[in-house]
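Take a look at the structure set out below.
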Amino acid sequence: HTPARQLTDVIPAPVDTRPDARVAFRITPRTVIRTAPGSTAARQVGNHLAETLRPATGYPLPVLPARSTPLPEIALVLGGADHRVGQEGYQLDVTRQRVTIRANTPAGLFAGTQTLRQLLPADIEAPTRRHATWTIPGGRIVDYPRFAYRGAMLDLARHFHTVDEITAYVDLISQYKINYLHLHLTDDQGWRIQIDSWPRLTTVGGGPGTGVDGVGPGYLTKADYQAVVAYAAARHVTIVPEIDMPGHTNAAQSTYPELNCDGVAPPPRTDIAVGYSSLCIDDELTYRFVEDVIRELAAITPGPYLHIGGDEAHATTDEDYRTFMNRVLPLVSKYGKRASGWNEIAQADPPADAVAQFWGTGTTNADLVDAVARGTKVVMSPANKSYLDMKYDANTPLGLRWAGLIEVSDAYGWDPATRVAGVGESAVLGVEAPLWSETLRSLDDIEYMAFPRLPAIAELGWSTTTSHDWESFRTRLGEQAPRWHLQQVNFYPSPQVPWI
């Protein structure tokens with residue numbers, strides 16, 4: 001038996017909750033979902049909510065574009081919310097007759113529906129009808145994110161993940177108000193995105209025998225990629241594609257010999273070593289290749305960011321690295337995107353609009369502080385706090401441990417605005433939880449490493465510092481277990497959490 005839901009039972013923790021125990025809203029066979037007339041985007045959010053609620057309730061829940069109805073309703077309204085909600089926040093009001101979600105944008109409405117989902121009994125996640133009382137506690141929530149960027153990353157290069165696996169992950173992360181999914185598409189072990197002007201990148205570089213231990217072949221066609229982008233966009237998740245360079249490029253260099261300074265293709269790599277590959281910095285063909293890839297990828301990426309990697313380029317001299325980045329960063333802008341890269345790009349004096357993703361395990365980084373002083377924004381992904389591929393403890397069957405063991409309390413117990421000295425709140429664009437695939441093979445593996453740590457990172461990105469409380473979080477996290485069971489999420493039952 002699970003206790004009745006409270007307005008404060010949500011992950012991430014809302015900014016302002018004002019319960020009213022005198023009232024509650026009950027979804028019945030007569031309930032409708034109302035959206036503003038003429039708002040296609042609001043109606044899409046309403047349709048998504050209806051599709052989420054229909055299986056377990058068995059109710060029709062029609063989505064009506066109307067200004068008002070006499071029926072008990074869940075109303076999705078653009079405009080009229082508390083002035084604090086901004087571009088992604090929402091105001092949720094629950095009375096006996098209606099639930100009203102107000103927001104300034106469809107993204108805010110969607111965030112509000114994810115809160116609403118968590119306020120219903122866990123049985124709402126059941127794939128078939130349950131005989132339950134579908135009650136939402138009364139009161140008001142005013143909620144908005146601390147940081148604009150709240151990301152997850154999935155590595156397709158070390159082991160390819162299918163469209164179905166990626167979209168399943170989108171469904172899971174969007175429940176916790178994650179709004180960016182970073183896809184690591186290329187590395188030494190595999191190339192996973194179709195590039196028409198270099199066709200063998202996928203058929204050879206992503207073909208049979210690629211991936212760690214040679215067991216992770218596959219790639220996304222452009223149509224696959226665009227399907228993922230559209231699926232994510234419908235859940236207000238923006239895809240950030242990454243092409244890692246000038247290192248982590250063995251899959252491309254073993255496929256096309258001309259990308260090597262000596263014209264000789266190195267053998268494919270299926271181990272997990274890093275730091276040995278580098279594009280040929282002084283060869284104009286390198287930049288033709290890079291521009292082709294950026295041009296084709298930008299053309300199918302509606303989101304603002306294109307990630308160019310830049311980490312662990314140990315086989316590239318510092319001077320060559322700067323030369324390369326000074327040529328490549330402007331190419332991203334040329335094709336209408338904002339460049340992001342791992343924190344090493346800060347060594348190359350990136351343009352002010354570039355985003356540096358900090359993945360270090362330390363708390364100082366002089367190059368990053370200098371870049372921030374010039375206007376660079378930072379996404380925080382410290383490996384010893386946010387890397388979801390690190391083992392939970394010494395006995396975890398999956399994952400690595402080079403950055404340390406990361407239990408749920410470790411993933412939750414840090415502040416993005418104080419993690420790196422000299423990189424304060426105003427410089428932090430947000431947080432991201434990367435999941436590298438060296439040891440992963442299936443969606444079950446993805447889920448086991450991401451849950452329950454991903455919701456911890458999601459709360460760091462969304463919720464206020466004043467609401468940051470481990471005891472509250474672990475209790476709310478424990479209440480997610482029945483939902484995850486019904487969703488068939490293969491989560492790690494951390495002993496730190498009081499699971500229901």
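Labels for the structure tokens follow display order: chains A, B, ..., residues from 1 in each chain, ligands from 1.
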
List the spatial neighbours of Ala383 of chain A as a ChimeraX atom specification - criterion: any atom at most 6 Å away, only C-alpha atoms, same-chain residues fewer than 6 positions off excluded. /A:359-361,403

Written file, previous selection with N, CA, C and O atoms, as a PDB file, in the first residue's frame:
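This is the output file part-v6.pdb:
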```
ATOM      1  N   TRP A 359      34.191  18.082 -17.170  1.00  0.00           N
ATOM      2  CA  TRP A 359      34.058  16.674 -16.792  1.00  0.00           C
ATOM      3  C   TRP A 359      35.122  16.224 -15.791  1.00  0.00           C
ATOM      4  O   TRP A 359      35.163  15.052 -15.403  1.00  0.00           O
ATOM      5  N   GLY A 360      35.946  17.158 -15.338  1.00  0.00           N
ATOM      6  CA  GLY A 360      37.040  16.814 -14.444  1.00  0.00           C
ATOM      7  C   GLY A 360      36.571  16.330 -13.083  1.00  0.00           C
ATOM      8  O   GLY A 360      35.414  16.501 -12.699  1.00  0.00           O
ATOM      9  N   THR A 361      37.519  15.745 -12.338  1.00  0.00           N
ATOM     10  CA  THR A 361      37.198  15.268 -10.991  1.00  0.00           C
ATOM     11  C   THR A 361      37.681  16.235  -9.914  1.00  0.00           C
ATOM     12  O   THR A 361      37.374  16.053  -8.741  1.00  0.00           O
ATOM     13  N   ALA A 403      36.836   7.111 -12.114  1.00  0.00           N
ATOM     14  CA  ALA A 403      36.520   8.382 -11.451  1.00  0.00           C
ATOM     15  C   ALA A 403      36.028   8.170 -10.022  1.00  0.00           C
ATOM     16  O   ALA A 403      35.746   9.137  -9.316  1.00  0.00           O
TER      17      ALA A 403
END
```

Might you pull out every residue within 8 Å of Asp143 of chain A, with only C-alpha atoms counted and same-chain residues fewer than 6 positions away left off, and present them as a PyMOL selection string? chain A and resi 14-16+85+89-91

Can those selected residues be exported to a file as an mmCIF file, in the first residue's frame so that it contains N, CA, C and O atoms?
```
data_model
loop_
_atom_site.group_PDB
_atom_site.id
_atom_site.type_symbol
_atom_site.label_atom_id
_atom_site.label_comp_id
_atom_site.auth_asym_id
_atom_site.auth_seq_id
_atom_site.Cartn_x
_atom_site.Cartn_y
_atom_site.Cartn_z
ATOM 1 N N PRO A 14 9.639 20.930 -6.326
ATOM 2 C CA PRO A 14 9.126 22.207 -6.824
ATOM 3 C C PRO A 14 9.603 23.390 -5.982
ATOM 4 O O PRO A 14 9.966 23.233 -4.810
ATOM 5 N N VAL A 15 9.559 24.573 -6.586
ATOM 6 C CA VAL A 15 10.028 25.779 -5.903
ATOM 7 C C VAL A 15 9.107 26.159 -4.749
ATOM 8 O O VAL A 15 9.543 26.402 -3.633
ATOM 9 N N ASP A 16 7.799 26.192 -5.015
ATOM 10 C CA ASP A 16 6.848 26.725 -4.035
ATOM 11 C C ASP A 16 5.596 25.856 -4.047
ATOM 12 O O ASP A 16 4.907 25.761 -5.066
ATOM 13 N N VAL A 85 7.461 32.251 -13.282
ATOM 14 C CA VAL A 85 7.646 30.964 -13.949
ATOM 15 C C VAL A 85 8.568 31.020 -15.166
ATOM 16 O O VAL A 85 9.132 30.001 -15.567
ATOM 17 N N GLY A 89 8.879 27.319 -16.600
ATOM 18 C CA GLY A 89 8.137 27.013 -15.385
ATOM 19 C C GLY A 89 6.642 26.935 -15.629
ATOM 20 O O GLY A 89 6.155 27.087 -16.750
ATOM 21 N N TYR A 90 5.908 26.695 -14.554
ATOM 22 C CA TYR A 90 4.462 26.514 -14.650
ATOM 23 C C TYR A 90 3.832 26.828 -13.306
ATOM 24 O O TYR A 90 4.509 26.854 -12.264
ATOM 25 N N GLN A 91 2.538 27.075 -13.337
ATOM 26 C CA GLN A 91 1.732 27.197 -12.121
ATOM 27 C C GLN A 91 0.649 26.136 -12.208
ATOM 28 O O GLN A 91 -0.060 26.047 -13.210
#
```

So which residues touch Thr203 of chain A within 10 Å, counting only C-alpha atoms, skipping near sequence neighbours fewer than 2 positions away, as a PDB file with all heavy atoms, in the first residue's frame?
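Saved result, out06.pdb, follows:
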```
ATOM      1  N   TRP A 191      31.574   4.779 -35.534  1.00  0.00           N
ATOM      2  CA  TRP A 191      30.975   5.999 -36.104  1.00  0.00           C
ATOM      3  C   TRP A 191      29.501   5.693 -36.344  1.00  0.00           C
ATOM      4  O   TRP A 191      29.166   4.774 -37.087  1.00  0.00           O
ATOM      5  CB  TRP A 191      31.675   6.373 -37.404  1.00  0.00           C
ATOM      6  CG  TRP A 191      31.213   7.695 -37.945  1.00  0.00           C
ATOM      7  CD1 TRP A 191      30.013   7.954 -38.557  1.00  0.00           C
ATOM      8  CD2 TRP A 191      31.915   8.934 -37.900  1.00  0.00           C
ATOM      9  NE1 TRP A 191      29.927   9.288 -38.879  1.00  0.00           N
ATOM     10  CE2 TRP A 191      31.085   9.911 -38.495  1.00  0.00           C
ATOM     11  CE3 TRP A 191      33.169   9.312 -37.424  1.00  0.00           C
ATOM     12  CZ2 TRP A 191      31.480  11.246 -38.635  1.00  0.00           C
ATOM     13  CZ3 TRP A 191      33.566  10.644 -37.549  1.00  0.00           C
ATOM     14  CH2 TRP A 191      32.724  11.594 -38.150  1.00  0.00           C
ATOM     15  N   ARG A 192      28.606   6.474 -35.708  1.00  0.00           N
ATOM     16  CA  ARG A 192      27.203   6.060 -35.623  1.00  0.00           C
ATOM     17  C   ARG A 192      26.203   6.988 -36.304  1.00  0.00           C
ATOM     18  O   ARG A 192      25.012   6.886 -36.054  1.00  0.00           O
ATOM     19  CB  ARG A 192      26.808   5.922 -34.148  1.00  0.00           C
ATOM     20  CG  ARG A 192      27.762   5.085 -33.311  1.00  0.00           C
ATOM     21  CD  ARG A 192      27.898   3.676 -33.819  1.00  0.00           C
ATOM     22  NE  ARG A 192      28.746   2.855 -32.940  1.00  0.00           N
ATOM     23  CZ  ARG A 192      29.210   1.664 -33.262  1.00  0.00           C
ATOM     24  NH1 ARG A 192      28.902   1.127 -34.434  1.00  0.00           N
ATOM     25  NH2 ARG A 192      29.976   0.993 -32.429  1.00  0.00           N
ATOM     26  N   GLN A 194      25.058   8.718 -40.188  1.00  0.00           N
ATOM     27  CA  GLN A 194      25.242   8.744 -41.638  1.00  0.00           C
ATOM     28  C   GLN A 194      25.750  10.109 -42.095  1.00  0.00           C
ATOM     29  O   GLN A 194      25.162  11.147 -41.764  1.00  0.00           O
ATOM     30  CB  GLN A 194      23.904   8.432 -42.312  1.00  0.00           C
ATOM     31  CG  GLN A 194      23.907   8.535 -43.826  1.00  0.00           C
ATOM     32  CD  GLN A 194      22.516   8.349 -44.410  1.00  0.00           C
ATOM     33  OE1 GLN A 194      21.582   7.970 -43.707  1.00  0.00           O
ATOM     34  NE2 GLN A 194      22.376   8.615 -45.691  1.00  0.00           N
ATOM     35  N   PRO A 199      30.582   8.114 -47.134  1.00  0.00           N
ATOM     36  CA  PRO A 199      29.593   7.069 -46.867  1.00  0.00           C
ATOM     37  C   PRO A 199      30.113   5.861 -46.090  1.00  0.00           C
ATOM     38  O   PRO A 199      29.328   5.186 -45.414  1.00  0.00           O
ATOM     39  CB  PRO A 199      29.124   6.660 -48.270  1.00  0.00           C
ATOM     40  CG  PRO A 199      30.209   7.094 -49.195  1.00  0.00           C
ATOM     41  CD  PRO A 199      30.801   8.327 -48.581  1.00  0.00           C
ATOM     42  N   ARG A 200      31.408   5.574 -46.169  1.00  0.00           N
ATOM     43  CA  ARG A 200      31.893   4.383 -45.485  1.00  0.00           C
ATOM     44  C   ARG A 200      32.044   4.586 -43.970  1.00  0.00           C
ATOM     45  O   ARG A 200      32.300   3.622 -43.234  1.00  0.00           O
ATOM     46  CB  ARG A 200      33.244   3.934 -46.077  1.00  0.00           C
ATOM     47  CG  ARG A 200      33.142   3.517 -47.534  1.00  0.00           C
ATOM     48  CD  ARG A 200      34.299   2.621 -47.981  1.00  0.00           C
ATOM     49  NE  ARG A 200      35.620   3.135 -47.637  1.00  0.00           N
ATOM     50  CZ  ARG A 200      36.300   4.032 -48.364  1.00  0.00           C
ATOM     51  NH1 ARG A 200      35.756   4.542 -49.464  1.00  0.00           N
ATOM     52  NH2 ARG A 200      37.501   4.422 -47.990  1.00  0.00           N
ATOM     53  N   LEU A 201      31.890   5.844 -43.495  1.00  0.00           N
ATOM     54  CA  LEU A 201      31.971   6.090 -42.055  1.00  0.00           C
ATOM     55  C   LEU A 201      31.016   5.176 -41.283  1.00  0.00           C
ATOM     56  O   LEU A 201      31.368   4.646 -40.225  1.00  0.00           O
ATOM     57  CB  LEU A 201      31.648   7.554 -41.731  1.00  0.00           C
ATOM     58  CG  LEU A 201      32.721   8.580 -42.102  1.00  0.00           C
ATOM     59  CD1 LEU A 201      32.177   9.982 -41.920  1.00  0.00           C
ATOM     60  CD2 LEU A 201      33.989   8.370 -41.273  1.00  0.00           C
ATOM     61  N   GLY A 205      32.970   2.115 -40.541  1.00  0.00           N
ATOM     62  CA  GLY A 205      33.279   2.638 -39.206  1.00  0.00           C
ATOM     63  C   GLY A 205      32.213   2.346 -38.169  1.00  0.00           C
ATOM     64  O   GLY A 205      32.482   2.380 -36.965  1.00  0.00           O
ATOM     65  N   GLY A 206      30.989   2.068 -38.631  1.00  0.00           N
ATOM     66  CA  GLY A 206      29.918   1.684 -37.710  1.00  0.00           C
ATOM     67  C   GLY A 206      29.380   0.306 -37.980  1.00  0.00           C
ATOM     68  O   GLY A 206      28.343  -0.083 -37.457  1.00  0.00           O
ATOM     69  N   GLY A 207      30.110  -0.440 -38.804  1.00  0.00           N
ATOM     70  CA  GLY A 207      29.623  -1.725 -39.276  1.00  0.00           C
ATOM     71  C   GLY A 207      29.954  -2.888 -38.372  1.00  0.00           C
ATOM     72  O   GLY A 207      30.316  -2.720 -37.190  1.00  0.00           O
ATOM     73  N   PRO A 208      29.859  -4.099 -38.918  1.00  0.00           N
ATOM     74  CA  PRO A 208      30.120  -5.307 -38.121  1.00  0.00           C
ATOM     75  C   PRO A 208      31.500  -5.281 -37.483  1.00  0.00           C
ATOM     76  O   PRO A 208      32.477  -4.853 -38.105  1.00  0.00           O
ATOM     77  CB  PRO A 208      30.009  -6.433 -39.165  1.00  0.00           C
ATOM     78  CG  PRO A 208      29.116  -5.879 -40.229  1.00  0.00           C
ATOM     79  CD  PRO A 208      29.439  -4.408 -40.296  1.00  0.00           C
ATOM     80  N   PRO A 217      27.943  -3.094 -33.037  1.00  0.00           N
ATOM     81  CA  PRO A 217      27.797  -2.455 -34.333  1.00  0.00           C
ATOM     82  C   PRO A 217      26.442  -1.787 -34.521  1.00  0.00           C
ATOM     83  O   PRO A 217      25.486  -2.088 -33.808  1.00  0.00           O
ATOM     84  CB  PRO A 217      27.961  -3.620 -35.312  1.00  0.00           C
ATOM     85  CG  PRO A 217      27.428  -4.800 -34.567  1.00  0.00           C
ATOM     86  CD  PRO A 217      27.858  -4.566 -33.138  1.00  0.00           C
ATOM     87  N   GLY A 218      26.391  -0.887 -35.520  1.00  0.00           N
ATOM     88  CA  GLY A 218      25.141  -0.225 -35.859  1.00  0.00           C
ATOM     89  C   GLY A 218      25.341   1.266 -36.025  1.00  0.00           C
ATOM     90  O   GLY A 218      26.378   1.818 -35.629  1.00  0.00           O
ATOM     91  N   TYR A 219      24.377   1.910 -36.637  1.00  0.00           N
ATOM     92  CA  TYR A 219      24.455   3.361 -36.824  1.00  0.00           C
ATOM     93  C   TYR A 219      23.064   3.908 -37.099  1.00  0.00           C
ATOM     94  O   TYR A 219      22.138   3.169 -37.429  1.00  0.00           O
ATOM     95  CB  TYR A 219      25.416   3.727 -37.965  1.00  0.00           C
ATOM     96  CG  TYR A 219      25.036   3.176 -39.320  1.00  0.00           C
ATOM     97  CD1 TYR A 219      24.197   3.897 -40.174  1.00  0.00           C
ATOM     98  CD2 TYR A 219      25.508   1.942 -39.752  1.00  0.00           C
ATOM     99  CE1 TYR A 219      23.837   3.399 -41.423  1.00  0.00           C
ATOM    100  CE2 TYR A 219      25.155   1.437 -40.998  1.00  0.00           C
ATOM    101  CZ  TYR A 219      24.319   2.167 -41.827  1.00  0.00           C
ATOM    102  OH  TYR A 219      23.972   1.674 -43.059  1.00  0.00           O
ATOM    103  N   THR A 255      38.865   3.917 -41.322  1.00  0.00           N
ATOM    104  CA  THR A 255      37.989   3.736 -42.488  1.00  0.00           C
ATOM    105  C   THR A 255      38.516   4.481 -43.712  1.00  0.00           C
ATOM    106  O   THR A 255      38.461   3.967 -44.828  1.00  0.00           O
ATOM    107  CB  THR A 255      36.568   4.235 -42.152  1.00  0.00           C
ATOM    108  OG1 THR A 255      36.070   3.505 -41.017  1.00  0.00           O
ATOM    109  CG2 THR A 255      35.624   4.049 -43.319  1.00  0.00           C
TER     110      THR A 255
END
```

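Atom CA of Glu459 of chain A is found 14.8 Å from atom CA of Glu88 of chain A.
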
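The list of residues with at least one atom within 7 Å of Ile195 of chain A, based on only C-alpha atoms and without residues fewer than 3 positions apart in the same chain, reads Trp198, Pro199, Val293 and Glu296 of chain A.
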
What gap, in Å, lies between atom CA of Arg150 of chain A and atom CA of Ala122 of chain A? 24.7 Å

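For the residues A:Arg322, A:Arg295, A:Lys337, A:His248, ranking by smallest atom-to-atom distance to Ile281 of chain A using only C-alpha atoms places A:Arg322 first.
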
So which residues of segment 128-314 of chain A fall under strand (DSSP E or B) by DSSP, listed as JSON, numbers by chain? {"A": [135, 136, 137, 138, 139, 140, 141, 142, 143, 149, 150, 151, 152, 153, 154, 155, 180, 181, 182, 183, 184, 186, 187, 190, 191, 193, 220, 238, 239, 240, 241, 242, 305, 306, 307]}

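For the pair atom CA of Ala427 of chain A and atom CA of Pro145 of chain A, the separation is 15.6 Å.
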
As a PyMOL selection string, please: the residues near Met390 of chain A (cut-off 12 Å, only C-alpha atoms, same-chain neighbours under 4 positions excluded). chain A and resi 382-386+394-408+410-411+433-440+448-450+453

Per-residue DSSP, segment 317-417 of chain A, filtered to helix (DSSP H, G or I), as a PyMOL selection string: chain A and resi 318-334+343-348+366-373+383-386+408-412
